[in-house]
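Below: input37.txt (compact mmCIF, C-alpha atoms)
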# COMPACT_ATOMS: atom_id res chain seq x y z
CA MET A 245 -57.27 -36.64 72.84
CA ASN A 246 -55.62 -34.52 75.47
CA GLY A 247 -58.94 -33.34 76.95
CA HIS A 248 -60.27 -32.48 73.49
CA ARG A 249 -62.79 -35.24 72.91
CA SER A 250 -63.88 -34.49 69.34
CA VAL A 251 -62.08 -36.20 66.48
CA PRO A 252 -60.75 -33.62 64.00
CA ALA A 253 -62.65 -35.13 61.09
CA ALA A 254 -62.15 -32.34 58.57
CA PRO A 255 -58.33 -32.21 58.89
CA ILE A 256 -58.16 -36.01 58.65
CA LEU A 257 -60.35 -36.08 55.54
CA ILE A 258 -58.46 -33.23 53.88
CA GLY A 259 -55.02 -34.62 54.64
CA GLY A 260 -56.04 -38.17 53.75
CA ALA A 261 -57.71 -37.18 50.49
CA ALA A 262 -54.72 -35.11 49.40
CA ALA A 263 -52.24 -37.87 50.26
CA GLY A 264 -54.34 -40.64 48.71
CA ILE A 265 -55.06 -38.81 45.47
CA LEU A 266 -51.45 -37.71 44.96
CA SER A 267 -50.10 -41.18 45.70
CA GLY A 268 -52.44 -42.63 43.08
CA ILE A 269 -51.54 -40.37 40.17
CA PRO A 270 -48.89 -41.82 37.82
CA LEU A 271 -45.48 -40.08 37.85
CA VAL A 272 -46.48 -37.99 40.88
CA ASN A 273 -46.72 -41.16 42.98
CA CYS A 274 -43.00 -41.79 42.54
CA LEU A 275 -42.58 -40.01 45.88
CA CYS A 276 -44.57 -42.94 47.31
CA CYS A 277 -44.75 -42.85 51.10
CA LEU A 278 -43.69 -39.21 51.37
CA TRP A 279 -47.20 -38.20 50.29
CA ILE A 280 -48.64 -40.13 53.24
CA LEU A 281 -46.18 -38.49 55.65
CA GLY A 282 -47.00 -35.11 54.19
CA GLY A 283 -50.75 -35.67 54.30
CA ALA A 284 -50.61 -36.74 57.92
CA ALA A 285 -48.45 -33.75 58.84
CA LEU A 286 -50.94 -31.51 57.02
CA ALA A 287 -53.83 -33.05 58.99
CA VAL A 288 -51.99 -32.38 62.27
CA HIS A 289 -51.25 -28.81 61.18
CA LEU A 290 -54.94 -28.22 60.39
CA ALA A 291 -56.01 -29.88 63.65
CA ALA A 292 -53.54 -27.74 65.62
CA ARG A 293 -55.12 -24.61 64.18
CA GLU A 294 -58.51 -25.73 65.49
CA ARG A 295 -57.42 -26.13 69.09
CA THR A 296 -55.84 -23.77 71.55
CA GLY A 297 -53.59 -26.30 73.30
CA PRO A 298 -50.61 -28.20 71.93
CA VAL A 299 -50.91 -31.39 69.92
CA SER A 300 -49.05 -34.15 71.71
CA ALA A 301 -47.10 -36.93 70.04
CA GLY A 302 -49.86 -39.44 70.79
CA ASP A 303 -52.52 -37.15 69.34
CA GLY A 304 -50.38 -36.65 66.26
CA ALA A 305 -49.92 -40.39 65.86
CA LEU A 306 -53.65 -41.05 66.12
CA ILE A 307 -54.58 -38.24 63.72
CA GLY A 308 -51.90 -39.48 61.33
CA ALA A 309 -53.07 -43.09 61.53
CA PHE A 310 -56.65 -42.12 60.70
CA THR A 311 -55.33 -39.91 57.90
CA GLY A 312 -53.44 -42.91 56.51
CA VAL A 313 -56.61 -45.01 56.46
CA VAL A 314 -58.47 -42.26 54.59
CA ALA A 315 -55.51 -41.97 52.21
CA ALA A 316 -55.67 -45.71 51.51
CA ALA A 317 -59.34 -45.45 50.61
CA ALA A 318 -58.75 -42.40 48.40
CA ASN A 319 -55.78 -44.12 46.76
CA ALA A 320 -57.84 -47.24 46.04
CA LEU A 321 -60.66 -45.20 44.46
CA VAL A 322 -58.27 -43.05 42.40
CA GLY A 323 -56.36 -46.14 41.29
CA LEU A 324 -59.40 -47.82 39.79
CA PRO A 325 -59.80 -45.59 36.69
CA LEU A 326 -56.02 -45.10 36.45
CA GLN A 327 -55.20 -48.82 36.55
CA ALA A 328 -54.40 -49.01 32.82
CA VAL A 329 -52.22 -45.90 32.94
CA ASN A 330 -50.31 -47.16 35.99
CA ALA A 331 -49.83 -50.55 34.31
CA ALA A 332 -48.45 -48.92 31.14
CA PHE A 333 -46.12 -46.78 33.23
CA MET A 334 -44.90 -49.80 35.19
CA ARG A 335 -44.40 -51.75 31.97
CA ARG A 336 -42.11 -49.02 30.59
CA ILE A 337 -40.04 -49.13 33.78
CA VAL A 338 -39.77 -52.92 33.68
CA GLU A 339 -38.79 -52.83 29.99
CA ARG A 340 -35.94 -50.43 30.78
CA LEU A 341 -34.81 -52.61 33.71
CA ALA A 342 -35.03 -55.81 31.62
CA ALA A 343 -32.65 -54.28 29.07
CA TYR A 344 -29.97 -54.14 31.77
CA GLY A 345 -30.67 -57.35 33.64
CA ASP A 346 -30.23 -60.92 32.42
CA ASN A 347 -32.02 -62.55 35.32
CA PHE A 348 -35.50 -61.23 34.73
CA PRO A 349 -38.11 -63.97 35.08
CA ALA A 350 -39.35 -65.30 31.75
CA GLY A 351 -42.85 -64.48 30.67
CA TRP A 352 -43.05 -61.00 32.17
CA ARG A 353 -44.16 -59.56 28.83
CA GLU A 354 -47.05 -62.02 28.68
CA TRP A 355 -47.93 -61.09 32.25
CA PHE A 356 -48.22 -57.43 31.27
CA ASP A 357 -50.11 -58.33 28.08
CA ARG A 358 -52.63 -60.30 30.10
CA GLY A 359 -53.35 -57.20 32.18
CA PRO A 360 -54.97 -57.12 35.63
CA GLY A 361 -57.95 -59.23 34.54
CA PRO A 362 -61.59 -58.61 35.46
CA PHE A 363 -62.28 -56.52 38.53
CA SER A 364 -62.57 -58.59 41.69
CA ILE A 365 -64.17 -57.01 44.75
CA ALA A 366 -62.43 -59.55 46.99
CA TRP A 367 -58.93 -58.64 45.76
CA PHE A 368 -59.88 -54.96 45.87
CA LEU A 369 -60.81 -55.28 49.56
CA VAL A 370 -57.69 -57.32 50.35
CA GLY A 371 -55.51 -54.69 48.68
CA LEU A 372 -57.40 -51.95 50.49
CA ALA A 373 -56.90 -53.66 53.86
CA ILE A 374 -53.17 -54.10 53.29
CA SER A 375 -52.65 -50.56 52.09
CA ALA A 376 -54.76 -49.23 54.97
CA ALA A 377 -52.47 -50.98 57.45
CA VAL A 378 -49.30 -49.74 55.76
CA PHE A 379 -50.63 -46.21 55.22
CA ALA A 380 -51.86 -46.06 58.83
CA ALA A 381 -48.34 -46.85 60.08
CA LEU A 382 -46.81 -44.28 57.74
CA GLY A 383 -49.51 -41.81 58.69
CA ALA A 384 -48.79 -42.32 62.39
CA LEU A 385 -45.15 -41.46 61.71
CA GLY A 386 -46.14 -38.43 59.66
CA GLY A 387 -48.55 -37.34 62.36
CA VAL A 388 -45.87 -37.46 65.04
CA LEU A 389 -43.52 -35.49 62.80
CA GLY A 390 -46.32 -33.00 62.21
CA ALA A 391 -46.95 -32.73 65.95
CA SER A 392 -43.26 -32.01 66.42
CA LEU A 393 -43.26 -29.31 63.76
CA PHE A 394 -46.72 -27.75 64.15
CA GLY A 395 -48.18 -29.01 67.40
CA ARG A 396 -46.04 -27.35 70.02
CA LYS A 397 -47.77 -24.31 71.41
CA LYS A 398 -47.12 -22.30 74.51
CA VAL A 399 -50.15 -22.69 76.72
CA SER A 400 -50.83 -19.34 78.30
CA ALA A 401 -51.12 -19.42 82.08
CA PRO A 402 -54.57 -18.71 83.50
CA PRO A 403 -55.00 -15.20 84.88
CA GLN A 404 -53.97 -14.94 88.53
CA PRO A 405 -56.79 -14.05 90.91
CA GLN A 406 -56.34 -10.60 92.42
CA MET B 1199 -40.28 -53.87 46.07
CA ALA B 1200 -37.47 -52.06 44.30
CA VAL B 1201 -36.50 -48.80 46.02
CA CYS B 1202 -33.77 -46.28 45.37
CA ALA B 1203 -30.61 -46.03 47.48
CA ARG B 1204 -32.06 -43.09 49.43
CA CYS B 1205 -35.19 -44.97 50.41
CA ALA B 1206 -33.14 -48.05 51.25
CA GLY B 1207 -31.03 -45.87 53.53
CA ILE B 1208 -34.17 -44.50 55.20
CA TYR B 1209 -35.52 -48.00 55.83
CA VAL B 1210 -32.20 -49.33 57.17
CA GLY B 1211 -31.75 -46.19 59.27
CA PHE B 1212 -35.27 -46.57 60.64
CA LEU B 1213 -34.52 -50.15 61.69
CA ALA B 1214 -31.29 -49.05 63.31
CA GLY B 1215 -33.12 -46.22 65.04
CA LEU B 1216 -35.71 -48.62 66.40
CA LEU B 1217 -32.88 -50.48 68.11
CA ALA B 1218 -31.08 -47.32 69.22
CA THR B 1219 -34.08 -45.48 70.69
CA PRO B 1220 -34.57 -47.67 73.78
CA VAL B 1221 -30.82 -47.69 74.38
CA CYS B 1222 -30.58 -43.90 74.19
CA ARG B 1223 -33.86 -42.94 75.88
CA GLY B 1224 -34.93 -45.99 77.85
CA PHE B 1225 -38.41 -47.47 77.69
CA GLY B 1226 -40.28 -44.79 79.60
CA GLY B 1227 -39.50 -41.79 77.44
CA VAL B 1228 -42.44 -40.35 75.54
CA ARG B 1229 -41.02 -36.91 74.97
CA MET B 1230 -40.36 -35.97 71.36
CA PRO B 1231 -36.96 -34.57 70.45
CA PRO B 1232 -36.96 -30.87 69.49
CA ALA B 1233 -38.37 -29.99 66.10
CA ARG B 1234 -35.17 -28.22 65.10
CA ILE B 1235 -33.32 -31.56 65.06
CA LEU B 1236 -35.85 -32.88 62.57
CA ALA B 1237 -35.59 -29.71 60.49
CA VAL B 1238 -31.78 -29.80 60.46
CA LEU B 1239 -31.60 -33.47 59.46
CA THR B 1240 -34.37 -33.14 56.85
CA SER B 1241 -32.66 -30.26 55.05
CA PRO B 1242 -29.84 -32.29 53.40
CA LEU B 1243 -32.33 -34.93 52.31
CA ALA B 1244 -34.73 -32.38 50.84
CA LEU B 1245 -31.93 -30.41 49.21
CA ASP B 1246 -30.36 -33.49 47.65
CA ALA B 1247 -33.68 -34.87 46.42
CA ALA B 1248 -34.71 -31.51 44.93
CA ALA B 1249 -31.33 -31.05 43.24
CA ASN B 1250 -31.51 -34.52 41.69
CA LEU B 1251 -35.09 -33.94 40.52
CA LEU B 1252 -34.17 -30.60 38.95
CA GLY B 1253 -31.08 -32.09 37.33
CA LEU B 1254 -28.63 -29.84 39.17
CA TRP B 1255 -26.48 -32.80 40.14
CA ASN B 1256 -26.67 -36.59 40.25
CA THR B 1257 -25.85 -38.05 43.64
CA ALA B 1258 -24.11 -41.42 43.74
CA ASN B 1259 -25.76 -44.32 45.55
CA LEU B 1260 -23.55 -44.31 48.65
CA PRO B 1261 -24.11 -40.62 49.56
CA ARG B 1262 -27.83 -41.10 48.85
CA PHE B 1263 -27.91 -44.10 51.16
CA LEU B 1264 -26.03 -42.26 53.92
CA ILE B 1265 -28.27 -39.17 53.72
CA GLY B 1266 -31.34 -41.39 53.90
CA PHE B 1267 -29.80 -43.47 56.71
CA VAL B 1268 -29.19 -40.45 58.93
CA TRP B 1269 -32.76 -39.20 58.44
CA GLY B 1270 -34.23 -42.66 58.99
CA LEU B 1271 -32.13 -43.08 62.14
CA VAL B 1272 -33.83 -40.18 63.91
CA LEU B 1273 -37.42 -40.96 62.86
CA PRO B 1274 -38.04 -43.68 65.50
CA PHE B 1275 -37.24 -41.17 68.28
CA TYR B 1276 -40.36 -39.28 67.22
CA PHE B 1277 -42.43 -42.31 66.19
CA LEU B 1278 -41.87 -44.24 69.40
CA ALA B 1279 -42.66 -41.12 71.44
CA GLY B 1280 -46.10 -41.07 69.85
CA ILE B 1281 -46.65 -44.82 70.14
CA GLY B 1282 -45.40 -44.78 73.72
CA GLU B 1283 -47.82 -42.00 74.66
CA ILE B 1284 -50.73 -43.89 73.12
CA ALA B 1285 -49.70 -47.07 74.95
CA LEU B 1286 -49.40 -45.28 78.29
CA ARG B 1287 -52.71 -43.54 77.69
CA GLY B 1288 -54.34 -46.90 76.92
CA LEU B 1289 -52.91 -48.38 80.10
CA ALA B 1290 -53.99 -45.25 82.02
CA ILE B 1291 -50.40 -44.72 83.12
CA PRO B 1292 -49.39 -41.06 83.34
CA PRO B 1293 -46.29 -40.25 81.28
CA PRO B 1294 -43.10 -39.68 83.30
CA LYS B 1295 -42.56 -36.12 84.44
CA LYS B 1296 -40.10 -34.05 82.40
Translate the structure described by the file into structure tokens.
Amino acid sequence: MNGHRSVPAAPILIGGAAAGILSGIPLVNCLCCLWILGGAALAVHLAARERTGPVSAGDGALIGAFTGVVAAAANALVGLPLQAVNAAFMRRIVERLAAYGDNFPAGWREWFDRGPGPFSIAWFLVGLAISAAVFAALGALGGVLGASLFGRKKVSAPPQPQ
Amino acid sequence: MAVCARCAGIYVGFLAGLLATPVCRGFGGVRMPPARILAVLTSPLALDAAANLLGLWNTANLPRFLIGFVWGLVLPFYFLAGIGEIALRGLAIPPPKK
């Protein structure tokens, strides 16, 4: 990346963990994709502090995409123990919406009563793959925005020979 | 997926921006717009969202949509700059000179 070959692993892990955990906590996750944008921008900010040169748009996009993948993994792991809480929260929202709408599909209460069912590693991996793709795209956007805000640095000219 | 009017505006604006970016900047531009443009256009969105969250005022759907649309419209100019740079880097094509 721009002559700097090492991948900024720590910023990516920090930004991805923060974004993934916050987007998995009920109520807090109502900001949905903004957490991913923010986490990616944070990763770019931390990466910019580690290097002397500017962070280009492409570097920001790559850092942000990797941050999004880490966020998807963190979100999936945080969501496992919070599944029941998230389901209860979603049920309350749907109950409020159903009170105003006449066209809600029948049987939605039974669907919520049935719950998510036994844990399936296959569905977990499918969900993880989908969210990784979506979060990577959002992270790339957040990374570019972060590069715009934090990545521009004036590169000092080399000293002139006397 | 159900989203609020603000988010819907952001998504629609982003789609419109994806179409507008090549028209405005051509297909060779990989330079990001200045950060101050992003800061200026993010301020109304952040202010409106914070005010609604704190209960200071309740914005109607149309202003929410328009505020989100304007912010979403400018995002592709940054996003495509990053994607374009990665693509040019992958093809080993140097970016156009400023």
Checklist line | Distance in Å - atom CA of A:Val314 versus atom CA of A:Leu257 | finding: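 Between atom CA of A:Val314 and atom CA of A:Leu257 the gap works out to 6.5 Å.
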Notebook entry, point to check: What are the residues of chain A that have an atom within 12 Å of an atom of chain B, counting only C-alpha atoms, as a VMD selection string?
Noted result: chain A and resid 245 to 247 274 to 278 281 299 to 309 334 337 to 338 341 381 to 396
If we count all atoms listed in the file, what is near B:Leu1239 at a cut-off of 8 Å, once residues fewer than 4 positions away on the same chain are taken out, given as a tab-separated table (two decimals) with C-alpha atoms, in the coordinates of the input?
chain	number	residue	atom	x	y	z
B	1235	ILE	CA	-33.32	-31.56	65.06
B	1243	LEU	CA	-32.33	-34.93	52.31
B	1268	VAL	CA	-29.19	-40.45	58.93
B	1269	TRP	CA	-32.76	-39.20	58.44
Next item on the list: Mind checking which residues fall within 9 Å of B:Leu1260, counting all atoms listed in the file, ignoring those fewer than 4 positions away in the same chain, and posting them as a list in words?
Entry: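 Result of the neighbour search: Ala1203, Arg1204, Leu1264 and Ile1265 of chain B.
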Keeping only C-alpha atoms, write the selected residues as a compact mmCIF listing (two decimals), keeping the file's coordinate frame.
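New file result_9.txt:
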# COMPACT_ATOMS: atom_id res chain seq x y z
CA ALA B 1203 -30.61 -46.03 47.48
CA ARG B 1204 -32.06 -43.09 49.43
CA LEU B 1264 -26.03 -42.26 53.92
CA ILE B 1265 -28.27 -39.17 53.72
Note to self: I'd like the contact shell of A:Glu294 - 12 Å cut-off, only C-alpha atoms, skipping same-chain residues fewer than 2 positions apart - returned as a ChimeraX atom specification.
What the structure shows: /A:248,250-255,287-292,296-299,395
Output of the above residues as a PDB file, in the frame of the given file, restricted to C-alpha atoms:
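To be explicit, this is the file written out as out_39.pdb:
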ATOM      1  CA  HIS A 248     -60.270 -32.480  73.490  1.00  0.00           C
ATOM      2  CA  SER A 250     -63.880 -34.490  69.340  1.00  0.00           C
ATOM      3  CA  VAL A 251     -62.080 -36.200  66.480  1.00  0.00           C
ATOM      4  CA  PRO A 252     -60.750 -33.620  64.000  1.00  0.00           C
ATOM      5  CA  ALA A 253     -62.650 -35.130  61.090  1.00  0.00           C
ATOM      6  CA  ALA A 254     -62.150 -32.340  58.570  1.00  0.00           C
ATOM      7  CA  PRO A 255     -58.330 -32.210  58.890  1.00  0.00           C
ATOM      8  CA  ALA A 287     -53.830 -33.050  58.990  1.00  0.00           C
ATOM      9  CA  VAL A 288     -51.990 -32.380  62.270  1.00  0.00           C
ATOM     10  CA  HIS A 289     -51.250 -28.810  61.180  1.00  0.00           C
ATOM     11  CA  LEU A 290     -54.940 -28.220  60.390  1.00  0.00           C
ATOM     12  CA  ALA A 291     -56.010 -29.880  63.650  1.00  0.00           C
ATOM     13  CA  ALA A 292     -53.540 -27.740  65.620  1.00  0.00           C
ATOM     14  CA  THR A 296     -55.840 -23.770  71.550  1.00  0.00           C
ATOM     15  CA  GLY A 297     -53.590 -26.300  73.300  1.00  0.00           C
ATOM     16  CA  PRO A 298     -50.610 -28.200  71.930  1.00  0.00           C
ATOM     17  CA  VAL A 299     -50.910 -31.390  69.920  1.00  0.00           C
ATOM     18  CA  GLY A 395     -48.180 -29.010  67.400  1.00  0.00           C
TER      19      GLY A 395
END
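You will find atom CA of A:Gly268 at 27.0 Å from atom CA of B:Thr1257.
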Next item on the list: Using atom CA of A:Gly323 and atom CA of B:Leu1251 as the two end points, give the distance in Å to one decimal.
Entry: 24.5 Å
Item checked: Residue neighbourhood A:Ile269, 12 Å, all atoms listed in the file, exclusion window fewer than 5 positions, as a PyMOL selection string -> chain A and resi 262-264+274-276+279+318-331+333
File of the preceding selection, C-alpha atoms, as an mmCIF file, in the frame of the given file:
data_model
loop_
_atom_site.group_PDB
_atom_site.id
_atom_site.type_symbol
_atom_site.label_atom_id
_atom_site.label_comp_id
_atom_site.auth_asym_id
_atom_site.auth_seq_id
_atom_site.Cartn_x
_atom_site.Cartn_y
_atom_site.Cartn_z
ATOM 1 C CA ALA A 262 -54.720 -35.110 49.400
ATOM 2 C CA ALA A 263 -52.240 -37.870 50.260
ATOM 3 C CA GLY A 264 -54.340 -40.640 48.710
ATOM 4 C CA CYS A 274 -43.000 -41.790 42.540
ATOM 5 C CA LEU A 275 -42.580 -40.010 45.880
ATOM 6 C CA CYS A 276 -44.570 -42.940 47.310
ATOM 7 C CA TRP A 279 -47.200 -38.200 50.290
ATOM 8 C CA ALA A 318 -58.750 -42.400 48.400
ATOM 9 C CA ASN A 319 -55.780 -44.120 46.760
ATOM 10 C CA ALA A 320 -57.840 -47.240 46.040
ATOM 11 C CA LEU A 321 -60.660 -45.200 44.460
ATOM 12 C CA VAL A 322 -58.270 -43.050 42.400
ATOM 13 C CA GLY A 323 -56.360 -46.140 41.290
ATOM 14 C CA LEU A 324 -59.400 -47.820 39.790
ATOM 15 C CA PRO A 325 -59.800 -45.590 36.690
ATOM 16 C CA LEU A 326 -56.020 -45.100 36.450
ATOM 17 C CA GLN A 327 -55.200 -48.820 36.550
ATOM 18 C CA ALA A 328 -54.400 -49.010 32.820
ATOM 19 C CA VAL A 329 -52.220 -45.900 32.940
ATOM 20 C CA ASN A 330 -50.310 -47.160 35.990
ATOM 21 C CA ALA A 331 -49.830 -50.550 34.310
ATOM 22 C CA PHE A 333 -46.120 -46.780 33.230
#
Notebook entry, point to check: Of the residues A:Gly283, A:Phe363, A:Leu271, A:Arg293, which is the one nearest to A:Ala316, using all atoms listed in the file?
Noted result: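 Of A:Gly283, A:Phe363, A:Leu271, A:Arg293, the one nearest A:Ala316, counting all atoms listed in the file, is A:Gly283.
Look at B:Tyr1209: the protein and nucleic acid residues within 8 Å of it, using all atoms listed in the file and passing over chain neighbours fewer than 4 places away, are Cys1205, Leu1213, Phe1267 and Gly1270 of chain B.
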